[in-house]
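**Q** Before anything else, here's the structure in question.
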Amino acid sequence: MSGFPPTRAPVQPPVSPPPTITHVPQGAQSWLLGRREDARLVTGAGRYVGDLKVAGCLDAAFVRSRVAHGRLLAVDTGAAAEIDGVVGVWSAADMGDELPVVPSSTPGSADEERQRPALAVDRVRYVGEPVAVIVGIDRYVAEDGADAVRVDIDPLPVLVDPGQAAASSTWLFDGVDNVADEMEFGEPIDHEVWQRAAVVVEGAYRQPRLAPTPMEPRAILAVPELDGRVTVWVSHQAPHRLQKDLATALQLDVERIRVRVPDSGGAFGSKSGTFPEYLSVVRLALRLGRPVRWIEDRAETLSGATHGRGQNQRVRIAADEDGRMLALALEVDADVGGYPIAGFVAAETGLAAAGPYLTPKVHARVRTVVTNTTPTAPYRGAGRPEQVYAVERTVDLLARRLGMDPAELRRRNFIPPEAFPYEAPTGRRYDSGQYALALDKALELVDYGYWREEQRRRRRSDTVRALGIGLCSFAERSGLEQAPMAHEWASLDVTPDGRVVARVGTCSTGQSHETVFPELVAHTLGIPAQCVSLIEGDTDEVVQGIGTFGSRSMQAGGSALHQAALELIEVAKRRAVRMGCAEPDVGYADGTVSAGERSWTLGDLATASPEPLRVEGVYDNAAAFPFGTYVAVVEVDPELGNVRVLRLVAIDDCGVAVDPEIVEDQTIGAIVQGIGQALYEEMPYDNQGTPQADGLLGYLLPTIGELPPLTLDTTVTPNPNTALGAKGAGEAGCIGTPPAIVNAVIDALGQSVAGTDIGGVQLPLTPETCWRAAAGQEVGAR
Amino acid sequence: MKPAPFDYAAPAELTDAVTALAERPETARVLAGGQSLVLDMHYRRERPALLVDINNVRGLDVITVDGHTLRIGALARHRAFETPTVAPAALGRLLSRVSPYIAHPPVRARGTMAGSLAWANPVSEWCATAVALDAGIELTGPLGKRRVLAGDFFLGPFRTARQPAEILTSVRLPLLPGQVGVGFCEQRRTHASFAQVAAVAVLTLRDGVIAEARLGLAGAADRPVRAHDAERHLLGREAEPEVFAQAGELAAAGSDPLAEPHAGVEYRRHVVGVLVRRALAQAREDSNGYYGDEGRDRHEGREAR
């Protein structure tokens with residue numbers, strides 16, 4: 001679909017506010033705001049779970065294990081229960097038969113034999129694991145209660161590294177070893193291929209654990225209703241899945257549970273799960289017959305929620321003397337933490353191993369391994385940043401080994417546009433791509449020739465800081481390949497006044513759905529955007545849905561709404577025919593059906609019959625493959641090891657961007673997180689499994705002060721599988737940025753042309769890491 | 001992140017504050033800007049039974065020139081030092097160069113210099129500045145006021161000579177008259193991070209020869225320290241790059257930094273040397289009136305962040 005205006009005309013806040021608006025300050029009413037949700041979100045008038053006022057609401061707080069691994073001998077809740085204002089204290093033993101267990105994601109999967117209870121039973125497996133829950137009249141009292149609980153734990157040997165855990169005879173779960181899953185993608189590569197190849201390079205990399213750090217950590221409020229149902233207000237990406245899981249875990253009818261998502265302070269993948277704390281909160285609200293909420297705070301979220309990334313990787317690439325890649329092998333030990341809840345993240349790394357390259361032989365072996373650390377789960381990118389980092393660093397290694405320009409090496413190996421649809425040796429099927437186009441545009445925008453010349457100039461003189469240029473080319477999956485995740489539900493209702501109410505199964509956690517989906521529907525129907533409103537994130541209003549993750553909202557949800565709108569036009573025409581229009585040619589334009597002299601607006605047609613004018617359906621959406629090339633130019637102060645990003649050029653292709661401004665802003669946000677991964681972020685653990693950061697002074701995030709000059713641009717290769725043509729957007733920035741920056745730093749430091757990079761620089765590139773690398777010292781030995 | 005229960009007093013008179021503190025000295029804490037204390041209370045690392053809030057005490061926010069010193073009241077916020085006019089000549093330049101490195105604007109709007117000194121974080125910029133300048137620290141207790149020099153005040157990480165019943169009521173910094181150049185360099189991870197290492201340099205030059213040198217270091221030991229060996233080496237020598245480099249090496253050799261997860265002892269010691277050298281070069285430029293001249297040392301100053 002084309003013809004969208006390049007920039008959106010400003011939209012007035014709707015006259016009738018969507019249900020989540022409480023009040024927008026007077027001054028903001030008159031703003032010409034580009035996005036409907038921005039007025040309330042930027043003026044503090046947004047309504048988050050923590051803002052919901054419910055009479056008689058109780059607050060929950062959790063006692064968490066401070067020991068990484070041990071036998072749970074006793075939980076003494078006596079003193080806590082005595083505190084004035086504490087309503088109740090429960091350990092797993094106190095819950096008894098009512099202790100819920102997190103439902104397994106798929107029958108027969110690794111999490112089925114390694115079950116995760118709402119509160120630790122007999123054993124604790126990571127620092128931060130919930131051991132007891134306190135419900136009090138407010139959060140202060142609940143924390144006083146948590147303080148008073150005494151926990152007796154007999155320590156067991158601690159495993160913090162997945163490689164070490166896989167080999168260890170200490171098992172986290174009785175009767176099953178620590179390797180939760182072993183997966184292979186593609187055929188193993190013959191010895192001969194490596195032996196015969198002109199060049200073989202090999203790198204070993206560590207993906208640190210990252211904390212997703214949305215502004216609002218997890219939040220839930222369970223309200224028992226008079227009719228026996230329970231309303232669960234929650235900051236979540238997939239309300240329907242949570243509804244189903246809550247029903248399973250608590251043995252309730254699904255219909256008894258209404259999940260509602262108010263404004264959300266971000267998710268980045270970390271709010272798609274069914275968390276043990278949520279099970280406790282809903283269970284206790286039902287048991288007490290009172291509203292109970294749990295608003296996670298920053299101190300507990302850093303080790304109590306989930307982490308992203310966390311992989312040990314080994315990559316080998318064989319190439320001929322011209323740099324044509326012959327074989328690529330990827331080995332991953334993925335650290336899934338104390339409970340294997342999301343092994344599919346690491347599977348994506350393996351399935352995607354080929355990247356954008358036409359390598360004839362690709363093999364990936366992925367092990368997911370439990371360790372005594374916080375469980376890992378999707379975090380923006382979810383498996384793709386890991387894959388892209390491993391391959392792109394190794395491609396640069398190959399370029400140095402061959403003495404070849406890294407841009408030329410990539411260009412030589414890209415899957416060409418005419419090869420699509422292309423099935424990689426791992427079995428992944430790519431829909432479309434013009435990889436060289438994005439690369440060329442990136443080189444042109446950054447002025448690659450200038451910076452290479454500047455680099456040579458600086459190398460001749462030793463008085464200025466070293467300069468490096470780094471590239472990253474990638475193809476990433478958006479949406480999902482397997483049913484039912486590849487589907488999305490949508491409906492459109494025309495009201496008698498001619499307005500259109502759109503419902504869709506995605507769920508915004510800050511992706512501007514309230515603006516862009518009505519725009520899309522309005523554009524398709526040819527009516528003003530103000531005439532369309534959106535309802536999502538409410539399981540009563542939206543009968544089914546998959547949710548928002550994997551960059552799928554526009555690709556799947558938007559495409560569903562688009563198809564629904566096209567169907568609505570046909571339904572409207574048929575209704576006009578039924579109303580006695582005898583004309584053979586019934587036309588539709590701008591919200592009006594016309595035939596000869598007669599015409600009907602959508603509102604006319606809606607009022608003309610008691611039967612509602614509506615369409616609804618589940619629409620199929622295959623996975624799509626956005627791609628791009630990022631280029632970073634960095635300067636390194638070799639004395640202190642400080643890295644300064646001078647330029648970052650990002651060329652993204654997400655097919656048709658329905659709202660380029662929203663896509664661009666999400667790209668920038670993801671780039672900032674990518675900068676974080678490259679230079680700042682890591683949740684380190686000591687040998688005892690104790691996380692070494694419990695706040696944002698220890699876990700460093702880039703802020704506006706760390707933002708380098710960014711140049712963003714796009715190429716447009718429409719999704720061939722939908723009429724809308726949109727591929728996913730939102731995650732590319734944190735996929736393309738880290739390898740570009742790291743490759744640039746290595747380029748600046750003038751690393752050797754040896755074919756191996758084992759024990760080389762590892763993420764994040766702290767000043768100390770870069771200082772050691774600049775001084776030629778061993779860094780990051782594993 | 002909710003504090004344990006505590007009592008709260010916010011008297012309007014200093015004597016009442018001192019009395020309140022003296023009644024429960026071991027379990028009471030003084031609240032000024034609260035940017036460190038309140039955070040630690042939220043984490044329950046600090047559990048005072050009584051919080052004596054001095055924000056209602058009049059006159060404590062005053063910054064005045066008093067003889068040869070700048071007298072800074074206990075409630076003067078970090079933000080007050082962002083402009084060089086806060087003090088005459090070189091002292092104003094130094095304070096305005098240091099203050100932007102303290103946390104970020106919201107913290108600088110609430111936090112106080114006196115509070116930073118009382119808190120005594122070994123990587124605090126103000127603590128390093130105070131020892132470099134031999135600040136006089138005024139403590140008011142039940143028996144009246146006493147003055148302690150910064151060099152005797154800091155005893156270790158978060159430990160000072162302040163008695164539990166005393167309030168740090170003011171700080172005196174010497175004005176820096178004459179041909180004095182000042183420099184400040186800091187190594188930190190992000191703009192909002194604490195320093196890993198910071199160096200304050202104050203040089204008095206006569207005909208290109210160093211007549212007096214003061215070097216204050218943050219993150220070089222378990223408390224803020226002066227680099228005495230380096231200072232002695234500088235005396236009587238020409239203000240030249242190789243002399244500064246030698247001073248840096250002496251300062252690095254004399255430092256004994258604490259380890260942290262992302263910066264080992266060896267690295268931090270190395271950084272001490274680099275920052276001392278760079279801060280001295282800045283001080284010389286400042287003295288010559290060159291500093292601030294577009295394009296001269298701007299780069300150096302920025303990179304040291």
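Letters A, B, ... go to the chains of the structure tokens in the order shown; residues in each chain start at 1; ligands are counted from 1 in the same order.
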Pull out every residue of chain A sitting within 7 Å of chain B, counting only C-alpha atoms, and send them as a list in words.
**A**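 Matching residues, ligands excluded from the count: Tyr140, Glu143, Asp144, Asp297, Ala299, Leu640, Leu697, Pro702, Gly705, Glu706, Thr766 and Glu768 of chain A.
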**Q** What's around B:Ala201 at 8 Å? Count only C-alpha atoms, leave out sequence neighbours fewer than 4 positions away in its own chain, and write the answer as a list in words.
**A**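 Skipping anything fewer than 4 positions along the chain leaves Ala132, Val182, Gly183, Phe184, Ala213, Arg214, Leu215, Gly216, Val276, Ala279, Leu280 and Ala283 of chain B.
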**Q** From the options B:Arg269, B:Arg226, B:Arg284, B:Arg172, which residue's atoms come nearest to B:Val209, counting only C-alpha atoms?
**A**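 Ranking B:Arg269, B:Arg226, B:Arg284, B:Arg172 by distance to B:Val209, first place goes to B:Arg284.
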**Q** Fewer than 5 positions away in the same chain doesn't count, so skip those; otherwise give me all residues within 12 Å of B:Gly208, counting only C-alpha atoms, as a PyMOL selection string.
**A** chain B and resi 179-181+203+234-240+284-285+287-288
**Q** Looking at only C-alpha atoms, which of A:Leu443, A:Ala197, A:Leu242, A:Ala622 is the one that sits closest to A:Arg552?
**A**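 Of all the options, A:Ala622 lies closest to A:Arg552.
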**Q** State, in Å with one decimal place, the distance from atom CA of A:Ala475 to atom CA of A:Tyr435.
**A** 8.3 Å
**Q** Any idea what's packed within 10 Å of A:Glu277, counting only C-alpha atoms, ignoring anything in its chain fewer than 6 positions away? Could you give it as a VMD selection string?
**A** chain A and resid 60 to 62 102 117 to 119 129 to 130 132 to 133 218 to 220 283 294 296 304 to 305
**Q** Among stretch 211-279 of chain B, which ones does DSSP assign to alpha helix (DSSP H) (computed from the backbone)? Answer as a compact mmCIF listing (two decimals) with C-alpha atoms, in the first residue's frame.
**A**
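result_12.txt, freshly written:
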# COMPACT_ATOMS: atom_id res chain seq x y z
CA HIS B 228 51.48 15.34 48.13
CA ASP B 229 54.41 13.70 46.31
CA ALA B 230 53.25 15.12 43.02
CA GLU B 231 52.69 18.55 44.55
CA ARG B 232 56.25 18.60 45.95
CA HIS B 233 57.65 17.52 42.59
CA LEU B 234 55.93 20.44 40.89
CA PRO B 241 54.12 18.91 29.82
CA GLU B 242 56.89 16.56 30.91
CA VAL B 243 56.79 17.94 34.45
CA PHE B 244 53.03 17.42 34.51
CA ALA B 245 53.48 13.87 33.23
CA GLN B 246 56.00 13.17 36.02
CA ALA B 247 53.57 14.58 38.56
CA GLY B 248 50.88 12.31 37.13
CA GLU B 249 53.12 9.29 37.51
CA LEU B 250 53.86 10.19 41.12
CA ALA B 251 50.19 10.68 41.86
CA ALA B 252 49.35 7.32 40.25
CA ALA B 253 52.09 5.56 42.17
CA GLY B 254 50.87 7.05 45.43
CA VAL B 265 42.55 -1.09 40.75
CA GLU B 266 45.24 -1.09 38.08
CA TYR B 267 43.07 0.82 35.66
CA ARG B 268 41.98 3.38 38.23
CA ARG B 269 45.55 3.99 39.29
CA HIS B 270 46.51 4.54 35.67
CA VAL B 271 43.61 6.96 35.27
CA VAL B 272 44.80 8.96 38.28
CA GLY B 273 48.05 9.63 36.45
CA VAL B 274 46.37 10.65 33.21
CA LEU B 275 43.86 12.93 34.90
CA VAL B 276 46.45 14.64 37.08
CA ARG B 277 48.54 15.39 34.00
CA ARG B 278 45.51 16.68 32.09
CA ALA B 279 44.19 18.73 35.02
**Q** What's the 6 Å shell around B:Asn121, counting only C-alpha atoms, without same-chain residues fewer than 2 positions away, as a PyMOL selection string?
**A** chain B and resi 119+123-124+157-158
**Q** Report the residues of stretch 3-94 of chain B whose backbone DSSP state falls under strand (DSSP E), written as a PyMOL selection string.
**A** chain B and resi 7-9+28-31+50-53+63-66+69-73
**Q** Go ahead and write the selection's residues with N, CA and C atoms as a PDB file, in the first residue's frame.
**A**
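Output contents, as saved in out_12.pdb:
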ATOM      1  N   ASP B   7      11.129   8.863  62.776  1.00  0.00           N
ATOM      2  CA  ASP B   7      10.548  10.118  63.249  1.00  0.00           C
ATOM      3  C   ASP B   7      11.166  11.245  62.454  1.00  0.00           C
ATOM      4  N   TYR B   8      10.467  12.370  62.440  1.00  0.00           N
ATOM      5  CA  TYR B   8      10.893  13.463  61.588  1.00  0.00           C
ATOM      6  C   TYR B   8      10.735  14.774  62.338  1.00  0.00           C
ATOM      7  N   ALA B   9      11.791  15.590  62.318  1.00  0.00           N
ATOM      8  CA  ALA B   9      11.716  16.924  62.917  1.00  0.00           C
ATOM      9  C   ALA B   9      12.276  17.921  61.928  1.00  0.00           C
ATOM     10  N   ALA B  28      20.042   9.252  64.852  1.00  0.00           N
ATOM     11  CA  ALA B  28      19.457  10.348  64.079  1.00  0.00           C
ATOM     12  C   ALA B  28      20.352  10.686  62.896  1.00  0.00           C
ATOM     13  N   ARG B  29      19.755  11.182  61.828  1.00  0.00           N
ATOM     14  CA  ARG B  29      20.536  11.654  60.686  1.00  0.00           C
ATOM     15  C   ARG B  29      20.039  13.034  60.307  1.00  0.00           C
ATOM     16  N   VAL B  30      20.973  13.835  59.738  1.00  0.00           N
ATOM     17  CA  VAL B  30      20.626  15.185  59.291  1.00  0.00           C
ATOM     18  C   VAL B  30      20.206  15.121  57.822  1.00  0.00           C
ATOM     19  N   LEU B  31      19.088  15.756  57.522  1.00  0.00           N
ATOM     20  CA  LEU B  31      18.617  15.814  56.143  1.00  0.00           C
ATOM     21  C   LEU B  31      18.839  17.211  55.573  1.00  0.00           C
ATOM     22  N   LEU B  50      15.442   8.861  63.634  1.00  0.00           N
ATOM     23  CA  LEU B  50      14.988  10.259  63.574  1.00  0.00           C
ATOM     24  C   LEU B  50      15.697  10.960  62.425  1.00  0.00           C
ATOM     25  N   LEU B  51      14.934  11.722  61.683  1.00  0.00           N
ATOM     26  CA  LEU B  51      15.496  12.523  60.617  1.00  0.00           C
ATOM     27  C   LEU B  51      15.352  13.988  61.022  1.00  0.00           C
ATOM     28  N   VAL B  52      16.489  14.687  61.137  1.00  0.00           N
ATOM     29  CA  VAL B  52      16.431  16.111  61.475  1.00  0.00           C
ATOM     30  C   VAL B  52      16.618  16.898  60.185  1.00  0.00           C
ATOM     31  N   ASP B  53      15.540  17.452  59.722  1.00  0.00           N
ATOM     32  CA  ASP B  53      15.527  18.179  58.453  1.00  0.00           C
ATOM     33  C   ASP B  53      15.923  19.627  58.737  1.00  0.00           C
ATOM     34  N   ILE B  63      25.904  32.106  50.647  1.00  0.00           N
ATOM     35  CA  ILE B  63      27.290  31.996  50.189  1.00  0.00           C
ATOM     36  C   ILE B  63      27.865  33.415  50.233  1.00  0.00           C
ATOM     37  N   THR B  64      28.888  33.629  51.072  1.00  0.00           N
ATOM     38  CA  THR B  64      29.420  34.986  51.207  1.00  0.00           C
ATOM     39  C   THR B  64      30.941  34.985  51.206  1.00  0.00           C
ATOM     40  N   VAL B  65      31.494  36.103  50.742  1.00  0.00           N
ATOM     41  CA  VAL B  65      32.931  36.283  50.884  1.00  0.00           C
ATOM     42  C   VAL B  65      33.173  36.870  52.262  1.00  0.00           C
ATOM     43  N   ASP B  66      34.037  36.206  53.016  1.00  0.00           N
ATOM     44  CA  ASP B  66      34.290  36.608  54.404  1.00  0.00           C
ATOM     45  C   ASP B  66      35.803  36.647  54.561  1.00  0.00           C
ATOM     46  N   THR B  69      38.168  34.181  52.639  1.00  0.00           N
ATOM     47  CA  THR B  69      37.507  32.908  52.345  1.00  0.00           C
ATOM     48  C   THR B  69      36.115  33.120  51.767  1.00  0.00           C
ATOM     49  N   LEU B  70      35.656  32.042  51.128  1.00  0.00           N
ATOM     50  CA  LEU B  70      34.263  31.977  50.692  1.00  0.00           C
ATOM     51  C   LEU B  70      33.559  31.086  51.704  1.00  0.00           C
ATOM     52  N   ARG B  71      32.533  31.643  52.331  1.00  0.00           N
ATOM     53  CA  ARG B  71      31.808  30.871  53.351  1.00  0.00           C
ATOM     54  C   ARG B  71      30.535  30.331  52.712  1.00  0.00           C
ATOM     55  N   ILE B  72      30.386  29.047  52.762  1.00  0.00           N
ATOM     56  CA  ILE B  72      29.282  28.370  52.083  1.00  0.00           C
ATOM     57  C   ILE B  72      28.397  27.702  53.120  1.00  0.00           C
ATOM     58  N   GLY B  73      27.153  28.131  53.198  1.00  0.00           N
ATOM     59  CA  GLY B  73      26.226  27.586  54.193  1.00  0.00           C
ATOM     60  C   GLY B  73      25.807  26.165  53.862  1.00  0.00           C
TER      61      GLY B  73
END
**Q** Quick one: residues within 12 Å of B:Ala161, only C-alpha atoms counted, chain neighbours fewer than 6 positions away excluded, as a PyMOL selection string?
**A** chain B and resi 117-120+137-139+146-155+167-168
**Q** Excluding B:Ile102 and its own-chain neighbours fewer than 2 positions away, which residues fall within 8 Å of it when counting only C-alpha atoms? Please give them as a list in words.
**A**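 Contacts, in chain order: His78, Val98, Ser99, Pro100, His104, Val107, Arg108, Glu125, Ala192 and Phe194 of chain B.
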